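Enquirer: My structure file my_file06.cif, mmCIF, C-alpha atoms, is below:
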```
data_target
loop_
_atom_site.group_PDB
_atom_site.id
_atom_site.type_symbol
_atom_site.label_atom_id
_atom_site.label_comp_id
_atom_site.auth_asym_id
_atom_site.auth_seq_id
_atom_site.Cartn_x
_atom_site.Cartn_y
_atom_site.Cartn_z
ATOM 1 C CA MET U 1 145.803 133.854 152.157
ATOM 2 C CA ALA U 2 146.301 136.341 154.973
ATOM 3 C CA ASP U 3 146.098 133.519 157.539
ATOM 4 C CA HIS U 4 148.691 131.560 155.592
ATOM 5 C CA ALA U 5 151.005 134.596 155.551
ATOM 6 C CA LEU U 6 150.529 135.058 159.299
ATOM 7 C CA ALA U 7 151.281 131.394 159.935
ATOM 8 C CA ILE U 8 154.491 131.597 157.895
ATOM 9 C CA HIS U 9 155.519 134.737 159.748
ATOM 10 C CA ALA U 10 154.854 133.042 163.091
ATOM 11 C CA VAL U 11 156.895 129.985 162.117
ATOM 12 C CA HIS U 12 159.736 132.089 160.697
ATOM 13 C CA ASP U 13 160.055 134.478 163.586
ATOM 14 C CA PRO U 14 163.086 136.606 162.713
ATOM 15 C CA ASN U 15 164.148 136.579 166.355
ATOM 16 C CA LEU U 16 164.424 132.777 166.514
ATOM 17 C CA GLY U 17 167.748 131.297 165.437
ATOM 18 C CA ASN U 18 168.667 127.769 164.307
ATOM 19 C CA THR U 19 168.918 126.684 167.938
ATOM 20 C CA GLY U 20 165.266 127.604 168.514
ATOM 21 C CA LEU U 21 166.363 130.226 171.019
ATOM 22 C CA ASP U 22 165.575 133.926 170.818
ATOM 23 C CA ASN U 23 168.562 135.682 169.221
ATOM 24 C CA ARG U 24 168.094 138.756 171.416
ATOM 25 C CA LYS U 25 168.300 136.666 174.574
ATOM 26 C CA VAL U 26 171.325 134.742 173.284
ATOM 27 C CA GLY U 27 172.950 138.074 172.415
ATOM 28 C CA MET U 28 172.339 139.402 175.920
ATOM 29 C CA TRP U 29 173.852 136.278 177.533
ATOM 30 C CA ILE U 30 176.924 136.640 175.270
ATOM 31 C CA PHE U 31 177.224 140.289 176.314
ATOM 32 C CA LEU U 32 176.873 139.362 179.999
ATOM 33 C CA GLY U 33 179.549 136.689 179.585
ATOM 34 C CA SER U 34 181.947 139.255 178.097
ATOM 35 C CA ASP U 35 181.040 141.729 180.849
ATOM 36 C CA CYS U 36 181.919 139.007 183.398
ATOM 37 C CA MET U 37 185.452 138.939 182.004
ATOM 38 C CA PHE U 38 185.587 142.756 181.965
ATOM 39 C CA PHE U 39 184.673 142.998 185.649
ATOM 40 C CA GLY U 40 186.874 139.985 186.415
ATOM 41 C CA SER U 41 189.848 141.963 185.082
ATOM 42 C CA LEU U 42 188.947 145.027 187.151
ATOM 43 C CA ILE U 43 188.397 142.989 190.338
ATOM 44 C CA GLY U 44 191.664 141.139 189.739
ATOM 45 C CA THR U 45 193.484 144.446 189.313
ATOM 46 C CA TYR U 46 191.945 145.814 192.522
ATOM 47 C CA LEU U 47 193.019 142.721 194.474
ATOM 48 C CA SER U 48 196.496 142.808 192.946
ATOM 49 C CA TYR U 49 197.008 146.414 194.044
ATOM 50 C CA LYS U 50 195.431 145.890 197.463
ATOM 51 C CA GLY U 51 197.785 146.905 200.268
ATOM 52 C CA LYS U 52 200.449 148.087 197.826
ATOM 53 C CA SER U 53 199.743 151.834 197.929
ATOM 54 C CA LEU U 54 202.759 153.851 199.031
ATOM 55 C CA GLY U 55 200.621 156.520 200.708
ATOM 56 C CA GLY U 56 197.163 156.847 202.246
ATOM 57 C CA PRO U 57 194.272 156.988 202.526
ATOM 58 C CA GLY U 58 193.525 153.259 202.437
ATOM 59 C CA PRO U 59 190.243 151.357 202.201
ATOM 60 C CA HIS U 60 189.549 151.273 205.920
ATOM 61 C CA ASP U 61 190.271 154.983 206.337
ATOM 62 C CA VAL U 62 187.459 155.933 203.971
ATOM 63 C CA PHE U 63 184.837 153.178 203.693
ATOM 64 C CA ASN U 64 181.397 153.796 205.154
ATOM 65 C CA ILE U 65 180.164 150.202 205.550
ATOM 66 C CA PRO U 66 176.626 151.081 206.816
ATOM 67 C CA LEU U 67 176.022 153.284 203.745
ATOM 68 C CA THR U 68 177.401 150.655 201.366
ATOM 69 C CA SER U 69 175.337 147.936 203.051
ATOM 70 C CA TYR U 70 172.271 150.106 202.539
ATOM 71 C CA SER U 71 173.213 150.477 198.851
ATOM 72 C CA ALA U 72 173.628 146.692 198.577
ATOM 73 C CA ALA U 73 170.152 146.228 200.083
ATOM 74 C CA LEU U 74 168.738 148.717 197.548
ATOM 75 C CA LEU U 75 170.119 146.747 194.609
ATOM 76 C CA LEU U 76 168.962 143.405 196.026
ATOM 77 C CA ALA U 77 165.453 144.801 196.566
ATOM 78 C CA SER U 78 165.440 146.246 193.050
ATOM 79 C CA SER U 79 166.231 142.770 191.686
ATOM 80 C CA LEU U 80 163.109 141.464 193.428
ATOM 81 C CA PHE U 81 161.073 144.340 191.961
ATOM 82 C CA MET U 82 162.388 143.485 188.496
ATOM 83 C CA VAL U 83 161.163 139.878 188.629
ATOM 84 C CA LEU U 84 157.836 141.110 190.032
ATOM 85 C CA ALA U 85 157.528 143.452 187.005
ATOM 86 C CA LEU U 86 158.162 140.510 184.695
ATOM 87 C CA ALA U 87 155.621 138.347 186.558
ATOM 88 C CA ARG U 88 152.960 141.077 186.297
ATOM 89 C CA LEU U 89 153.657 141.503 182.580
ATOM 90 C CA HIS U 90 153.226 137.766 182.155
ATOM 91 C CA GLU U 91 149.831 138.075 183.874
ATOM 92 C CA ARG U 92 148.920 140.910 181.424
ATOM 93 C CA ARG U 93 148.752 143.417 184.322
ATOM 94 C CA ILE U 94 150.529 146.176 182.445
ATOM 95 C CA LYS U 95 149.998 148.998 184.958
ATOM 96 C CA ALA U 96 151.324 146.826 187.792
ATOM 97 C CA ALA U 97 154.316 145.883 185.637
ATOM 98 C CA ALA U 98 154.947 149.601 184.963
ATOM 99 C CA PHE U 99 154.798 150.261 188.720
ATOM 100 C CA TRP U 100 157.402 147.605 189.507
ATOM 101 C CA LEU U 101 159.617 148.852 186.665
ATOM 102 C CA PHE U 102 159.337 152.318 188.206
ATOM 103 C CA ALA U 103 160.233 150.966 191.667
ATOM 104 C CA THR U 104 163.247 149.136 190.203
ATOM 105 C CA ALA U 105 164.457 152.291 188.449
ATOM 106 C CA VAL U 106 163.964 154.443 191.571
ATOM 107 C CA PHE U 107 165.961 152.038 193.760
ATOM 108 C CA GLY U 108 168.653 151.919 191.083
ATOM 109 C CA LEU U 109 168.760 155.712 190.940
ATOM 110 C CA HIS U 110 169.005 155.827 194.738
ATOM 111 C CA PHE U 111 171.991 153.479 194.526
ATOM 112 C CA VAL U 112 173.684 155.762 191.975
ATOM 113 C CA LEU U 113 173.065 158.834 194.142
ATOM 114 C CA ASN U 114 174.568 157.021 197.140
ATOM 115 C CA GLN U 115 177.618 156.294 195.012
ATOM 116 C CA VAL U 116 177.881 159.946 193.929
ATOM 117 C CA TYR U 117 177.718 160.933 197.612
ATOM 118 C CA GLU U 118 180.383 158.336 198.488
ATOM 119 C CA PHE U 119 182.716 159.448 195.684
ATOM 120 C CA THR U 120 182.402 163.156 196.510
ATOM 121 C CA THR U 121 182.966 162.451 200.221
ATOM 122 C CA PHE U 122 186.127 160.498 199.384
ATOM 123 C CA ALA U 123 187.396 163.257 197.083
ATOM 124 C CA LEU U 124 186.456 166.324 199.132
ATOM 125 C CA HIS U 125 186.847 165.122 202.746
ATOM 126 C CA GLU U 126 189.263 162.183 202.593
ATOM 127 C CA GLY U 127 191.543 163.412 199.800
ATOM 128 C CA LEU U 128 191.132 160.217 197.789
ATOM 129 C CA THR U 129 190.889 160.647 194.014
ATOM 130 C CA LEU U 130 191.619 158.576 190.928
ATOM 131 C CA SER U 131 195.254 159.715 190.977
ATOM 132 C CA THR U 132 195.987 159.676 194.748
ATOM 133 C CA ASN U 133 197.350 156.123 194.993
ATOM 134 C CA LEU U 134 196.912 152.585 193.628
ATOM 135 C CA PHE U 135 193.895 152.005 195.860
ATOM 136 C CA GLY U 136 192.214 155.195 194.567
ATOM 137 C CA SER U 137 192.716 154.384 190.897
ATOM 138 C CA SER U 138 191.676 150.716 191.099
ATOM 139 C CA PHE U 139 188.733 151.480 193.417
ATOM 140 C CA PHE U 140 187.264 154.344 191.371
ATOM 141 C CA VAL U 141 187.676 152.542 188.038
ATOM 142 C CA LEU U 142 186.009 149.353 189.325
ATOM 143 C CA THR U 143 183.099 150.929 191.202
ATOM 144 C CA GLY U 144 182.776 153.753 188.641
ATOM 145 C CA PHE U 145 182.248 151.293 185.784
ATOM 146 C CA HIS U 146 179.700 149.453 187.902
ATOM 147 C CA GLY U 147 177.911 152.750 188.615
ATOM 148 C CA ALA U 148 177.878 153.487 184.878
ATOM 149 C CA HIS U 149 176.237 150.099 184.286
ATOM 150 C CA VAL U 150 173.580 150.882 186.919
ATOM 151 C CA THR U 151 172.938 154.291 185.323
ATOM 152 C CA GLY U 152 172.472 152.629 181.916
ATOM 153 C CA GLY U 153 170.050 150.155 183.494
ATOM 154 C CA VAL U 154 168.032 152.936 185.145
ATOM 155 C CA ILE U 155 167.647 154.690 181.760
ATOM 156 C CA TRP U 156 166.630 151.413 180.080
ATOM 157 C CA LEU U 157 164.030 150.588 182.766
ATOM 158 C CA THR U 158 162.632 154.127 182.648
ATOM 159 C CA ILE U 159 162.139 153.842 178.865
ATOM 160 C CA LEU U 160 160.331 150.508 179.315
ATOM 161 C CA MET U 161 158.122 152.016 182.036
ATOM 162 C CA VAL U 162 157.174 154.990 179.834
ATOM 163 C CA LEU U 163 156.395 152.643 176.928
ATOM 164 C CA ALA U 164 154.171 150.551 179.232
ATOM 165 C CA LEU U 165 152.311 153.626 180.497
ATOM 166 C CA ARG U 166 151.762 154.819 176.910
ATOM 167 C CA GLY U 167 150.293 151.456 175.923
ATOM 168 C CA ARG U 168 153.244 150.554 173.722
ATOM 169 C CA LEU U 169 154.445 147.636 175.848
ATOM 170 C CA ASP U 170 152.387 144.571 176.692
ATOM 171 C CA GLU U 171 152.702 140.857 177.372
ATOM 172 C CA ARG U 172 153.827 140.288 173.753
ATOM 173 C CA ASP U 173 156.985 142.226 174.641
ATOM 174 C CA TYR U 174 157.856 139.788 177.432
ATOM 175 C CA THR U 175 161.261 138.986 175.919
ATOM 176 C CA LYS U 176 162.209 142.682 175.706
ATOM 177 C CA VAL U 177 161.535 143.140 179.418
ATOM 178 C CA GLU U 178 163.167 139.802 180.265
ATOM 179 C CA ILE U 179 166.385 140.938 178.517
ATOM 180 C CA ALA U 180 166.371 144.223 180.455
ATOM 181 C CA GLY U 181 165.875 142.117 183.601
ATOM 182 C CA LEU U 182 168.873 139.916 182.767
ATOM 183 C CA TYR U 183 171.009 143.044 182.473
ATOM 184 C CA TRP U 184 169.672 144.420 185.745
ATOM 185 C CA HIS U 185 170.283 141.201 187.667
ATOM 186 C CA PHE U 186 173.793 141.046 186.240
ATOM 187 C CA VAL U 187 174.471 144.523 187.642
ATOM 188 C CA ASP U 188 173.211 143.160 190.968
ATOM 189 C CA ILE U 189 175.506 140.099 190.958
ATOM 190 C CA VAL U 190 178.510 142.250 190.084
ATOM 191 C CA TRP U 191 177.706 144.364 193.135
ATOM 192 C CA ILE U 192 177.411 141.214 195.260
ATOM 193 C CA ALA U 193 181.011 140.431 194.272
ATOM 194 C CA ILE U 194 182.280 144.019 194.682
ATOM 195 C CA PHE U 195 180.552 144.458 198.047
ATOM 196 C CA THR U 196 182.265 141.397 199.484
ATOM 197 C CA ILE U 197 185.667 141.651 197.819
ATOM 198 C CA VAL U 198 186.196 145.414 197.993
ATOM 199 C CA TYR U 199 184.237 146.526 201.061
ATOM 200 C CA LEU U 200 183.903 143.586 203.448
ATOM 201 C CA ILE U 201 187.087 141.530 203.182
ATOM 202 C CA PRO U 202 189.560 143.033 205.654
ATOM 203 C CA MET I 1 150.225 141.400 162.129
ATOM 204 C CA ALA I 2 149.449 141.909 165.760
ATOM 205 C CA ASP I 3 148.343 138.284 166.018
ATOM 206 C CA SER I 4 151.570 136.996 164.527
ATOM 207 C CA HIS I 5 153.481 139.200 166.930
ATOM 208 C CA ALA I 6 151.536 137.660 169.795
ATOM 209 C CA THR I 7 152.219 134.141 168.567
ATOM 210 C CA ALA I 8 155.906 134.774 168.140
ATOM 211 C CA HIS I 9 156.535 136.387 171.511
ATOM 212 C CA GLN I 10 154.523 134.356 173.961
ATOM 213 C CA PRO I 11 156.216 133.908 177.346
ATOM 214 C CA PRO I 12 158.143 130.625 177.726
ATOM 215 C CA ASP I 13 155.928 127.574 178.213
ATOM 216 C CA ASP I 14 157.457 126.514 181.526
ATOM 217 C CA LEU I 15 156.683 129.938 182.976
ATOM 218 C CA ALA I 16 153.221 129.916 181.448
ATOM 219 C CA HIS I 17 152.359 126.630 183.143
ATOM 220 C CA ALA I 18 153.744 127.573 186.516
ATOM 221 C CA GLY I 19 151.298 129.267 188.838
ATOM 222 C CA ALA I 20 151.878 133.016 189.033
ATOM 223 C CA SER I 21 151.498 133.137 192.790
ATOM 224 C CA ALA I 22 153.899 130.222 193.303
ATOM 225 C CA ARG I 23 156.458 131.999 191.163
ATOM 226 C CA VAL I 24 156.122 135.232 193.111
ATOM 227 C CA LYS I 25 156.388 133.293 196.377
ATOM 228 C CA THR I 26 159.674 131.756 195.192
ATOM 229 C CA TYR I 27 161.000 135.197 194.274
ATOM 230 C CA ILE I 28 160.125 136.559 197.714
ATOM 231 C CA ASN I 29 161.746 133.562 199.444
ATOM 232 C CA VAL I 30 164.924 134.118 197.429
ATOM 233 C CA ALA I 31 164.888 137.836 198.299
ATOM 234 C CA VAL I 32 164.523 136.997 202.016
ATOM 235 C CA ALA I 33 167.442 134.556 201.774
ATOM 236 C CA LEU I 34 169.541 137.261 200.062
ATOM 237 C CA ALA I 35 168.657 139.780 202.791
ATOM 238 C CA ILE I 36 169.568 137.304 205.570
ATOM 239 C CA LEU I 37 172.901 136.422 203.934
ATOM 240 C CA THR I 38 173.753 140.117 203.495
ATOM 241 C CA ALA I 39 172.891 140.809 207.134
ATOM 242 C CA ILE I 40 175.125 137.916 208.271
ATOM 243 C CA GLU I 41 177.953 139.202 206.051
ATOM 244 C CA VAL I 42 177.830 142.691 207.542
ATOM 245 C CA ALA I 43 177.352 141.395 211.112
ATOM 246 C CA SER I 44 180.359 139.073 210.790
ATOM 247 C CA LEU I 45 182.516 142.083 209.956
ATOM 248 C CA TYR I 46 181.646 143.658 213.306
ATOM 249 C CA THR I 47 181.987 140.429 215.308
ATOM 250 C CA PRO I 48 185.319 140.423 217.166
ATOM 251 C CA GLY I 49 187.524 137.365 217.481
ATOM 252 C CA ILE I 50 186.884 135.720 214.117
ATOM 253 C CA PRO I 51 190.201 134.587 212.572
ATOM 254 C CA ASN I 52 190.978 136.432 209.332
ATOM 255 C CA ALA I 53 191.129 133.299 207.149
ATOM 256 C CA LEU I 54 187.781 132.050 208.498
ATOM 257 C CA LEU I 55 186.148 135.474 208.029
ATOM 258 C CA VAL I 56 187.371 135.804 204.438
ATOM 259 C CA THR I 57 186.304 132.245 203.588
ATOM 260 C CA ALA I 58 182.851 132.740 205.144
ATOM 261 C CA LEU I 59 182.359 136.045 203.311
ATOM 262 C CA LEU I 60 183.363 134.497 199.975
ATOM 263 C CA VAL I 61 181.075 131.470 200.495
ATOM 264 C CA MET I 62 178.091 133.702 201.346
ATOM 265 C CA SER I 63 178.847 135.911 198.349
ATOM 266 C CA VAL I 64 178.949 132.885 196.027
ATOM 267 C CA LEU I 65 175.636 131.653 197.488
ATOM 268 C CA LYS I 66 174.017 135.044 196.835
ATOM 269 C CA PHE I 67 175.487 135.094 193.335
ATOM 270 C CA PHE I 68 173.981 131.730 192.401
ATOM 271 C CA LEU I 69 170.617 132.515 194.011
ATOM 272 C CA VAL I 70 170.260 135.594 191.787
ATOM 273 C CA VAL I 71 171.574 133.860 188.659
ATOM 274 C CA GLY I 72 169.555 130.676 189.208
ATOM 275 C CA TYR I 73 166.197 132.105 190.274
ATOM 276 C CA PHE I 74 165.987 135.783 189.238
ATOM 277 C CA MET I 75 167.814 135.279 185.921
ATOM 278 C CA HIS I 76 166.064 131.880 185.443
ATOM 279 C CA LEU I 77 169.340 130.243 184.400
ATOM 280 C CA LYS I 78 168.364 127.212 186.507
ATOM 281 C CA GLU I 79 165.540 126.415 184.093
ATOM 282 C CA ASP I 80 167.046 127.917 180.946
ATOM 283 C CA SER I 81 168.651 126.007 178.065
ATOM 284 C CA ASN I 82 172.142 124.501 178.271
ATOM 285 C CA ILE I 83 173.344 126.891 175.551
ATOM 286 C CA MET I 84 172.444 129.943 177.679
ATOM 287 C CA ARG I 85 174.106 128.316 180.694
ATOM 288 C CA ALA I 86 177.292 127.631 178.726
ATOM 289 C CA LEU I 87 177.333 131.193 177.340
ATOM 290 C CA PHE I 88 177.432 132.563 180.880
ATOM 291 C CA VAL I 89 179.306 129.953 182.907
ATOM 292 C CA GLY I 90 182.171 129.642 180.374
ATOM 293 C CA PRO I 91 183.176 133.330 180.520
ATOM 294 C CA LEU I 92 182.518 133.321 184.278
ATOM 295 C CA ILE I 93 185.154 130.591 184.705
ATOM 296 C CA ILE I 94 187.556 132.610 182.518
ATOM 297 C CA ALA I 95 186.863 135.706 184.683
ATOM 298 C CA ILE I 96 187.691 133.737 187.851
ATOM 299 C CA LEU I 97 190.898 132.473 186.219
ATOM 300 C CA ILE I 98 191.819 136.067 185.257
ATOM 301 C CA ILE I 99 191.374 137.145 188.892
ATOM 302 C CA LEU I 100 193.485 134.230 190.185
ATOM 303 C CA ALA I 101 196.177 134.814 187.551
ATOM 304 C CA LEU I 102 196.449 138.522 188.375
ATOM 305 C CA MET I 103 196.602 137.750 192.103
ATOM 306 C CA ALA I 104 199.343 135.187 191.519
ATOM 307 C CA LEU I 105 201.286 137.625 189.329
ATOM 308 C CA PHE I 106 201.173 140.316 192.002
ATOM 309 C CA SER I 107 201.500 137.959 195.006
ATOM 310 C CA ALA I 108 198.170 139.122 196.380
ATOM 311 C CA TYR I 109 196.756 136.413 198.623
ATOM 312 C CA ILE I 110 193.677 137.699 200.423
ATOM 313 C CA LEU I 111 193.420 134.655 202.682
ATOM 314 C CA LEU I 112 196.844 135.247 204.220
ATOM 315 C CA PRO I 113 197.852 137.978 206.673
ATOM 316 C CA HIS I 114 199.818 140.834 205.110
ATOM 317 C CA THR I 115 202.945 139.980 207.103
ATOM 318 C CA VAL I 116 203.351 136.754 205.140
ATOM 319 C CA LEU I 117 203.614 138.633 201.820
#
```
Would you encode the structure as structure tokens?

Expert:
Amino acid sequence: MADHALAIHAVHDPNLGNTGLDNRKVGMWIFLGSDCMFFGSLIGTYLSYKGKSLGGPGPHDVFNIPLTSYSAALLLASSLFMVLALARLHERRIKAAAFWLFATAVFGLHFVLNQVYEFTTFALHEGLTLSTNLFGSSFFVLTGFHGAHVTGGVIWLTILMVLALRGRLDERDYTKVEIAGLYWHFVDIVWIAIFTIVYLIP
Amino acid sequence: MADSHATAHQPPDDLAHAGASARVKTYINVAVALAILTAIEVASLYTPGIPNALLVTALLVMSVLKFFLVVGYFMHLKEDSNIMRALFVGPLIIAILIILALMALFSAYILLPHTVL
């Protein structure tokens, strides 16, 4: 009787929809699609305002390309760490998965701290704030929202790491970690676009 | 209950059958490719004599390559279902159209020198 009940539960997994796909994963892809349009609007606004500020400072007066390149490398490396965490979880090596989740979160936190340093330098030393000119407002809104996404991801990854260390996350929770990974990689691809469009294109 | 949980949330079959080490090797190869592309991007910015249109085009092409490497391999969209692909690529196309529409509205053409505007 108990086996029959278990079999029914397994067949009727509440997370599986009519398509046979995991609803949580479908939900995350829908969210990422909507976030694509959100960042598309912000990037479009930045490009539309580019070069149209009446007063300075402009992008090339303030940008620190070596620092931003370092930040880009941090996020790219953290994406690798994220897939390594998922691979270790798949192999049932929970402690190793927790380590890679920790490394991902630390690199993400480092990225956020770099951004805090960049923003404060712009505001305190270069005189660029949200209300200085069109470049300031479009730049801070775009990169600020991205930074908020990274901060959310760092919190999410830290929670997963703590759960893993407490024995409350294992290979059965693969989909939960995979969804967090999708979010993290999305944050990475948004930065790939911002890095090129905002920082590198002259 | 724990058993049913295990049955319901097994990792995807395609991943289960793939060798773990082969998978990790692919991830590392992709990460190396991303690092090389980023290095080329930054180096091209400091290389004198590259025409503006060529530089912008090269930067955008490398950025798109990096984008699809992460989406295809790290986010596994390459081997995911068509529904997942459509859920992401559809809004991505709309996002690109939003960017182009805004740029057209404000006469912002990044491939052209500012004097042409």

Enquirer: Interatomic distance between atom CA of Phe122 of chain U and atom CA of Ser41 of chain U?

Expert: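 One can read the atom CA of Phe122 of chain U to atom CA of Ser41 of chain U distance as 23.7 Å.
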
Enquirer: Using all atoms listed in the file, which protein or nucleic acid residues come within 6 Å of segment 181-183 of chain U? Drop anything in the same chain fewer than 3 positions from it, and give the result as a PyMOL selection string.

Expert: (chain U and resi 178+186) or (chain I and resi 75)

Enquirer: Calculated over only C-alpha atoms, which of the candidates U:Ile197, U:Ser71, U:Thr129, U:Ala164 has the smallest distance to Ala96 of chain U?

Expert: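 That would be U:Ala164, the residue with the smallest distance to Ala96 of chain U.
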
Enquirer: What are the nearest atom pairs, with distances in Å to one decimal, for all residues of chain U that come at most 8 Å from chain I, using all atoms listed in the file, set out by chain and rising residue number as CSV?

Expert:
```
residue,atom,partner,partner_atom,distance
U:Leu6,CA,I:Ser4,CA,5.7
U:Ala7,CA,I:Ser4,CA,7.2
U:His9,CA,I:Ser4,CA,6.6
U:Ala10,CA,I:Ser4,CA,5.3
U:Val11,CA,I:Ala8,CA,7.8
U:Asp13,CA,I:Ala8,CA,6.2
U:Val26,CA,I:Met84,CA,6.6
U:Trp29,CA,I:Phe88,CA,6.1
U:Ile30,CA,I:Leu87,CA,5.8
U:Leu32,CA,I:Phe88,CA,6.9
U:Gly33,CA,I:Phe88,CA,4.8
U:Ser34,CA,I:Pro91,CA,6.5
U:Cys36,CA,I:Leu92,CA,5.8
U:Met37,CA,I:Ala95,CA,4.4
U:Phe38,CA,I:Ala95,CA,7.7
U:Phe39,CA,I:Ala95,CA,7.7
U:Gly40,CA,I:Ala95,CA,4.6
U:Ser41,CA,I:Ile98,CA,6.2
U:Ile43,CA,I:Ile99,CA,6.7
U:Gly44,CA,I:Ile99,CA,4.1
U:Thr45,CA,I:Leu102,CA,6.7
U:Leu47,CA,I:Ala108,CA,6.6
U:Ser48,CA,I:Met103,CA,5.1
U:Tyr49,CA,I:Phe106,CA,7.7
U:Lys50,CA,I:Ala108,CA,7.4
U:Ser69,CA,I:Val42,CA,7.3
U:Ala73,CA,I:Ala35,CA,7.2
U:Leu76,CA,I:Ala31,CA,7.3
U:Ala77,CA,I:Ala31,CA,7.2
U:Ser79,CA,I:Phe74,CA,7.4
U:Leu80,CA,I:Ala31,CA,6.3
U:Val83,CA,I:Phe74,CA,6.4
U:Leu84,CA,I:Val24,CA,6.9
U:Ala87,CA,I:Ala20,CA,7.0
U:His90,CA,I:Pro11,CA,6.9
U:Glu91,CA,I:Ala20,CA,7.5
U:Glu171,CA,I:Gln10,CA,7.6
U:Arg172,CA,I:His9,CA,5.3
U:Asp173,CA,I:His9,CA,6.6
U:Tyr174,CA,I:Pro11,CA,6.1
U:Thr175,CA,I:His9,CA,7.0
U:Gly181,CA,I:Met75,CA,7.5
U:Leu182,CA,I:Met75,CA,5.7
U:His185,CA,I:Met75,CA,6.6
U:Phe186,CA,I:Val71,CA,7.9
U:Ile189,CA,I:Phe67,CA,5.5
U:Ile192,CA,I:Ser63,CA,6.3
U:Ala193,CA,I:Ser63,CA,6.5
U:Thr196,CA,I:Ser63,CA,6.6
U:Ile197,CA,I:Leu60,CA,7.8
U:Leu200,CA,I:Leu45,CA,6.8
U:Ile201,CA,I:Val56,CA,5.9
U:Pro202,CA,I:Val56,CA,7.7
```

Enquirer: What would the selection look like, as a tab-separated table (two decimals) with C-alpha atoms, in the coordinates of the input, if the PyMOL selection byres ((chain U and resi 152) around 12) were run on the coordinates I just shared?

Expert:
```tsv
chain	number	residue	atom	x	y	z
U	105	ALA	CA	164.46	152.29	188.45
U	108	GLY	CA	168.65	151.92	191.08
U	109	LEU	CA	168.76	155.71	190.94
U	112	VAL	CA	173.68	155.76	191.98
U	145	PHE	CA	182.25	151.29	185.78
U	146	HIS	CA	179.70	149.45	187.90
U	147	GLY	CA	177.91	152.75	188.62
U	148	ALA	CA	177.88	153.49	184.88
U	149	HIS	CA	176.24	150.10	184.29
U	150	VAL	CA	173.58	150.88	186.92
U	151	THR	CA	172.94	154.29	185.32
U	153	GLY	CA	170.05	150.16	183.49
U	154	VAL	CA	168.03	152.94	185.14
U	155	ILE	CA	167.65	154.69	181.76
U	156	TRP	CA	166.63	151.41	180.08
U	157	LEU	CA	164.03	150.59	182.77
U	158	THR	CA	162.63	154.13	182.65
U	159	ILE	CA	162.14	153.84	178.86
U	180	ALA	CA	166.37	144.22	180.46
U	183	TYR	CA	171.01	143.04	182.47
U	184	TRP	CA	169.67	144.42	185.74
U	187	VAL	CA	174.47	144.52	187.64
```
